[in-house]
Structure formats: C-alpha cells, structure tokens
Amino acid sequence: MKFQFGLLPRIVLAIVLGVLIGSVAPEELVRVFATFTGIFGGFLNFIVPLIILGFIAPGIAKLGKGSGKLLGLATAVAYLSTIVAGVLAFIVASSLLPNLMEGGSLSNLDDPENALASSFIALEIPQLFGVMSALILAFLLGIGMASTGSKTMASFFEEFQEIIEKVISYIIIPLLPFHIFGIFANMAYGGAVFEILSLFAVVFILIIVLHWVMLTGQYTTAGILRKSNPFALIRTMLPAYFTALGTQSSAATIPVTLRQARKTGVKERVADFTVPLFATIHLSGSTITLVTCAIGVILLTGDAPSFGNFFPFILMLGVTMIAAPGVPGGAVMAAIGLLEVMLGFDETMVALMIALYMAQDSFGTAANVTGDGALANIVDRFTPSQKV
C-alpha cells in the first residue's frame with residue numbers, strides 16, 4: 001500500500017518546523033515567510049465569498065428537492081442539533097477557558113501584529129463582493145433555484161461548486177501547511193508561540209470532552225424517544241466513529257454509518273435517506289470545534305467573548321455548515337467569512353483558527369458521523385411506519 005503523508009501530519013510538521021526555525025532564524029528570513037503568508041492570506045480572503053456562494057447556493061437548492069416532510073423534519077433536527085452544539089460549546093468554553101488560561105495569557109500581544117515581522121511587499125487582493133453580500137446572494141439564489149426548479153442555474157452552480165472545490169483541494173489545502181508554517185515561524189520570532197501552543201493543548205482537550213458530552217446528549221434523547229439504552233446505541237455506532245477518525249471524511253464513512261444505523265433499529269428506508277443527508281448537513285462536532293477555537297483565539301488576544309456576538313454567529317454557522325466543502329478542513333474554510341465579519345477576526349487570528357481546527361479535524365468528523373446515528377433514530381421515531 002502506498003504511504004500517504006496526510007494533511008494532519010503535515011500541519012503538525014509545519015507547526016513544529018515553524019516554531020524551531022522561527023526561534024533561530026534572522027529577521028530577513030522571517031520576513032520572507034511573512035511575505036508568503038501575506039499573499040496567501042490575501043488570496044484566502046479573496047476566495048472566501050466565492051466559497052460561500054459556490055457551496056451554499058447549490059446546497060440550499062438541493063435541499064429543496066426530495067421527500068417533502070421527511071426532508072423538512074431531518075433538516076430541522078440537524079439544524080437544531082448544530083445550534084445546541086454551538087450554544088453548549090459557548091457556555092462551557094467561555095466559562096472554563098479563562099480560568100484554564102491563567103498564567104498563559106498574551107497580554108503583550110493585545111495587538112498581535114506588533115510582535116510580528118513585516119512582509120516585504122503588501123499585495124492587496126480585494127474581494128469581488130463582501131462576505132455578507134455573498135451570504136445573502138447565496139440564500140436568494142438557492143431558495144430561488146429550489147422554488148423554480150431551474151435546471152440551467154442549478155447546473156451552472158454545480159459546475160461552479162466543482163471549480164471552487166478544486167481550488168480548495170489543489171491550491172488552498174496543499175499550501176495551507178506552508179501558510180501555517182509561516183505564521184508560527186513569525187510568532188516564534190515574536191516570542192509568543194509557547195504561550196499559544198499551551199493554549200492549543202487546553203482547547204484541544206476541552207473540544208474532545210465536549211464532543212462526547214454532545215454525543216451523550218444526542219443518544220440520550222434518541223434512547224428516550226425510542227425507549228432504548230442510549231449507551232447500547234452509542235456502542236453500536238462506534239465503528240462509524242473510528243472509521244471517521246481514519247478517513248477524516250463524513251462522505252467516506254457513509255457506508256459504515258448506514259450499516260450501523262440500521263443495526264440500531266432505524267427503518268432501512270429512513271436510514272437510506274437520512275444518513276447521506278446528515279453526512280452533508282449535520283456538523284455538530286465541527287460546530288463545537290469552531291466555537292471553542294474561536295473563543296480560545298479571542299481570549300488569546302485579550303478580549304472577552306460575549307453571547308450577544310456569538311449567538312448570531314452560531315445561527316449563521318448552522319446554515320454555513322450545511323454546505324461546508326467535503327474536504328479536510330472544509331468546515332473552517334466555509335466559516336472564515338463569518339469569523340471575519342461577525343467576530344472581527346484578522347489574518348493572524350484566522351490562521352490560528354485554521355491550525356487549531358486542523359489539529360483535531362478527524363475527531364470533529366467522528367463526532368459528526370456518530371451523531372448522525374442518533375439523529376437518524378430521532379427522525380425514525382417520528383416517521384410513519386407505512387410510508388416515508
């Protein structure tokens with residue numbers, strides 16, 4: 001079997017090399033790294049509205065087709081689960097992280113850019129249109145295509161989605177480790193990297209715990225509705241969890257998730273419909289990760305997260321996750337625009353978000369697909385026996 005050096009090992013290697021090289025490199029070399037990260041960050045900023053438009057518009061259009069009431073029920077359950085996951089993550093992370101970070105705060109980096117080496121050139125790549133414009137346009141076009149059944153527009157956006165997905169797969173994802181390497185080399189040069197890495201460890205552990213708290217809640221709800229033992233249901237779905245850890249892909253895990261969901265007692269026709277749908281629209285694990293990481297990064301800069309800012313972000317994140325690209329790191333790529341517009345993240349904060357998210361992407365995917373089994377049981381409970 002051909003050995004593949006996956007994205008997660010490359011991200012880890014980029015962080016390690018960035019810390020080591022940035023700690024000893026002269027300023028001129030660090031400025032070379034900063035130049036690349038500046039240009040790549042500008043391109044990333046340019047592509048974000050196109051990612052939103054290219055995935056959300058056709059995603060909404062596709063949700064307009066299918067099995068009527070069952071589609072509506074499944075979508076509502078998935079969206080509610082995602083929102084609950086985001087609120088849970090906010091409550092726990094905003095309560096615990098400030099205390100867990102005591103002694104490791106970066107008060108000397110209230111403005112992180114003051115400690116970083118500057119780029120040799122400042123190349124501006126303006127967006128074609130803003131992120132909020134992209135969101136509104138995506139909603140309008142997606143709903144319009146769903147209601148009119150437009151085949152021409154749907155075909156155009158499906159091809160546009162393929163183009164954007166190739167940009168993500170063949171440009172952004174391959175270059176992402178170099179971008180993160182440059183960011184960490186610059187932070188190591190500025191002297192703040194060890195405090196940041198200590199924060200990463202705390203946030204990472206908290207995310208894994210929250211994943212399992214959410215899964216326990218999902219399966220407890222399913223168990224009560226189905227009058228089944230929730231822990232027996234979780235045990236049945238564990239093969240899907242560990243498969244997702246290895247594949248890092250909800251789509252690639254669908255066959256295993258489908259098989260295990262049937263074993264939990266979900267009617268075959270319900271499982272066949274809901275499992276592939278939930279693999280696309282239900283990302284409670286990824287939402288927990290994004291919200292927790294965002295709170296960690298905000299605390300890193302010395303600010304305090306507020307529920308008033310985060311709840312609208314969580315509501316929009318639930319919609320954005322429906323159309324997140326099906327590639328490693330796709331959820332954080334789709335969320336970049338919301339982070340920038342709704343939470344005020346700058347380029348450095350976005351880079352920290354990407355690094356922290358990618359470090360546990362497989363665990364978020366595993367939580368997503370395992371939760372799909374619980375949601376399939378919930379939908380099955382409210383689905384008539386005679387017809388779907």
# chains A, B, ... in the order shown; residues from 1 in each chain; ligands from 1

call {"tool": "residues_around", "arguments": {"residues": "Thr37 in chain A", "least_positions_apart": "4", "cutoff": "10 Å", "atoms": "only C-alpha atoms", "output": "VMD selection string"}}
result
chain A and resid 31 to 33 41 to 43 119 175 to 176 178 to 183 186 347 to 348 351

call {"tool": "write_last_selection", "arguments": {"atoms": "all heavy atoms", "output": "compact mmCIF listing (two decimals), in the first residue's frame"}}
result
# COMPACT_ATOMS: atom_id res chain seq x y z
N ARG A 31 10.90 37.51 7.40
CA ARG A 31 10.13 38.40 6.53
C ARG A 31 9.77 37.72 5.20
O ARG A 31 8.74 38.02 4.61
CB ARG A 31 10.91 39.70 6.28
CG ARG A 31 11.05 40.59 7.51
CD ARG A 31 11.66 41.92 7.14
NE ARG A 31 10.77 42.70 6.28
CZ ARG A 31 11.12 43.83 5.67
NH1 ARG A 31 12.36 44.31 5.83
NH2 ARG A 31 10.26 44.49 4.92
N VAL A 32 10.62 36.80 4.73
CA VAL A 32 10.28 36.02 3.54
C VAL A 32 9.05 35.17 3.82
O VAL A 32 8.11 35.11 3.01
CB VAL A 32 11.47 35.13 3.11
CG1 VAL A 32 11.04 34.18 2.00
CG2 VAL A 32 12.64 35.99 2.66
N PHE A 33 9.06 34.49 4.99
CA PHE A 33 7.89 33.70 5.37
C PHE A 33 6.66 34.58 5.48
O PHE A 33 5.56 34.22 5.05
CB PHE A 33 8.14 32.99 6.70
CG PHE A 33 9.36 32.11 6.73
CD1 PHE A 33 10.07 31.91 7.91
CD2 PHE A 33 9.80 31.47 5.58
CE1 PHE A 33 11.19 31.10 7.94
CE2 PHE A 33 10.93 30.66 5.59
CZ PHE A 33 11.63 30.48 6.78
N GLY A 41 -2.69 34.74 2.49
CA GLY A 41 -3.82 35.22 3.28
C GLY A 41 -4.73 36.12 2.46
O GLY A 41 -5.95 36.08 2.60
N GLY A 42 -4.13 36.95 1.59
CA GLY A 42 -4.93 37.80 0.71
C GLY A 42 -5.75 36.98 -0.27
O GLY A 42 -6.92 37.29 -0.53
N PHE A 43 -5.14 35.92 -0.82
CA PHE A 43 -5.87 35.05 -1.74
C PHE A 43 -7.00 34.33 -1.00
O PHE A 43 -8.12 34.19 -1.53
CB PHE A 43 -4.93 34.02 -2.36
CG PHE A 43 -5.62 32.99 -3.21
CD1 PHE A 43 -6.09 33.32 -4.47
CD2 PHE A 43 -5.81 31.70 -2.75
CE1 PHE A 43 -6.75 32.38 -5.25
CE2 PHE A 43 -6.46 30.76 -3.52
CZ PHE A 43 -6.93 31.10 -4.78
N SER A 119 5.97 41.96 6.16
CA SER A 119 6.15 41.42 4.82
C SER A 119 7.01 42.36 3.97
O SER A 119 7.03 43.58 4.20
CB SER A 119 4.78 41.22 4.17
OG SER A 119 4.91 40.91 2.81
N LEU A 175 -1.25 24.25 0.07
CA LEU A 175 -0.42 25.37 0.52
C LEU A 175 -0.67 25.74 1.98
O LEU A 175 0.12 26.50 2.56
CB LEU A 175 -0.67 26.60 -0.37
CG LEU A 175 -0.16 26.50 -1.81
CD1 LEU A 175 -0.49 27.78 -2.57
CD2 LEU A 175 1.34 26.24 -1.85
N LEU A 176 -1.74 25.22 2.55
CA LEU A 176 -2.08 25.57 3.92
C LEU A 176 -0.97 25.27 4.92
O LEU A 176 -0.69 26.10 5.80
CB LEU A 176 -3.37 24.86 4.31
CG LEU A 176 -4.10 25.38 5.54
CD1 LEU A 176 -4.44 26.85 5.38
CD2 LEU A 176 -5.37 24.56 5.77
N PHE A 178 2.21 25.40 4.50
CA PHE A 178 3.23 26.44 4.35
C PHE A 178 2.76 27.75 4.97
O PHE A 178 3.55 28.49 5.58
CB PHE A 178 3.57 26.63 2.87
CG PHE A 178 4.16 25.42 2.21
CD1 PHE A 178 3.36 24.56 1.48
CD2 PHE A 178 5.50 25.13 2.35
CE1 PHE A 178 3.90 23.43 0.89
CE2 PHE A 178 6.06 24.01 1.76
CZ PHE A 178 5.25 23.15 1.02
N HIS A 179 1.48 28.04 4.83
CA HIS A 179 0.91 29.24 5.43
C HIS A 179 1.02 29.17 6.95
O HIS A 179 1.43 30.14 7.61
CB HIS A 179 -0.56 29.37 4.99
CG HIS A 179 -1.27 30.56 5.51
ND1 HIS A 179 -0.83 31.85 5.30
CD2 HIS A 179 -2.41 30.68 6.25
CE1 HIS A 179 -1.65 32.72 5.86
NE2 HIS A 179 -2.63 32.02 6.45
N ILE A 180 0.63 28.01 7.51
CA ILE A 180 0.69 27.84 8.96
C ILE A 180 2.14 27.83 9.44
O ILE A 180 2.45 28.38 10.51
CB ILE A 180 -0.05 26.54 9.36
CG1 ILE A 180 -1.56 26.73 9.10
CG2 ILE A 180 0.21 26.16 10.80
CD1 ILE A 180 -2.39 25.50 9.32
N PHE A 181 3.04 27.23 8.64
CA PHE A 181 4.46 27.29 8.97
C PHE A 181 4.93 28.74 9.09
O PHE A 181 5.61 29.11 10.06
CB PHE A 181 5.27 26.57 7.88
CG PHE A 181 6.75 26.89 7.93
CD1 PHE A 181 7.59 26.23 8.82
CD2 PHE A 181 7.30 27.85 7.10
CE1 PHE A 181 8.94 26.52 8.88
CE2 PHE A 181 8.64 28.16 7.15
CZ PHE A 181 9.47 27.49 8.04
N GLY A 182 4.56 29.57 8.12
CA GLY A 182 4.98 30.97 8.15
C GLY A 182 4.41 31.71 9.34
O GLY A 182 5.12 32.52 9.98
N ILE A 183 3.14 31.46 9.66
CA ILE A 183 2.51 32.12 10.80
C ILE A 183 3.23 31.75 12.10
O ILE A 183 3.55 32.61 12.93
CB ILE A 183 1.02 31.74 10.89
CG1 ILE A 183 0.24 32.36 9.72
CG2 ILE A 183 0.42 32.18 12.22
CD1 ILE A 183 0.11 33.86 9.77
N ASN A 186 6.73 33.17 12.39
CA ASN A 186 6.66 34.58 12.75
C ASN A 186 6.33 34.76 14.23
O ASN A 186 6.90 35.62 14.91
CB ASN A 186 5.62 35.29 11.87
CG ASN A 186 5.95 36.74 11.64
OD1 ASN A 186 6.72 37.34 12.38
ND2 ASN A 186 5.35 37.32 10.62
N GLU A 347 -6.20 38.43 9.99
CA GLU A 347 -5.49 37.34 9.31
C GLU A 347 -4.77 36.42 10.29
O GLU A 347 -4.79 35.19 10.14
CB GLU A 347 -4.48 37.94 8.32
CG GLU A 347 -3.67 36.89 7.57
CD GLU A 347 -2.63 37.53 6.66
OE1 GLU A 347 -2.88 38.62 6.13
OE2 GLU A 347 -1.55 36.92 6.50
N THR A 348 -4.13 36.98 11.30
CA THR A 348 -3.41 36.16 12.29
C THR A 348 -4.36 35.28 13.07
O THR A 348 -4.10 34.10 13.31
CB THR A 348 -2.62 37.06 13.25
OG1 THR A 348 -1.70 37.86 12.50
CG2 THR A 348 -1.85 36.23 14.27
N ALA A 351 -5.54 32.41 10.93
CA ALA A 351 -4.50 31.39 10.81
C ALA A 351 -4.44 30.51 12.05
O ALA A 351 -4.27 29.28 11.95
CB ALA A 351 -3.15 32.05 10.55

call {"tool": "closest_residue", "arguments": {"among": "A:Val319, A:Leu290, A:Met214, A:Ile121", "to": "Ala138 in chain A", "atoms": "only C-alpha atoms"}}
result
A:Val319

call {"tool": "closest_residue", "arguments": {"among": "A:Gly344, A:Gly337, A:Gly144, A:Gly149", "to": "Leu317 in chain A", "atoms": "only C-alpha atoms"}}
result
A:Gly337

call {"tool": "residues_around", "arguments": {"residues": "Tyr241 in chain A", "least_positions_apart": "3", "cutoff": "6 Å", "atoms": "only C-alpha atoms", "output": "compact mmCIF listing (two decimals) with C-alpha atoms, in the first residue's frame"}}
result
# COMPACT_ATOMS: atom_id res chain seq x y z
CA LEU A 238 -18.59 3.12 17.48
CA ALA A 244 -14.23 8.60 10.56
CA ALA A 366 -16.01 11.37 14.03
CA THR A 370 -21.58 9.27 15.17

call {"tool": "closest_residue", "arguments": {"among": "A:Val369, A:Leu315, A:Met333, A:Ala57", "to": "Gly86 in chain A", "atoms": "only C-alpha atoms"}}
result
A:Leu315
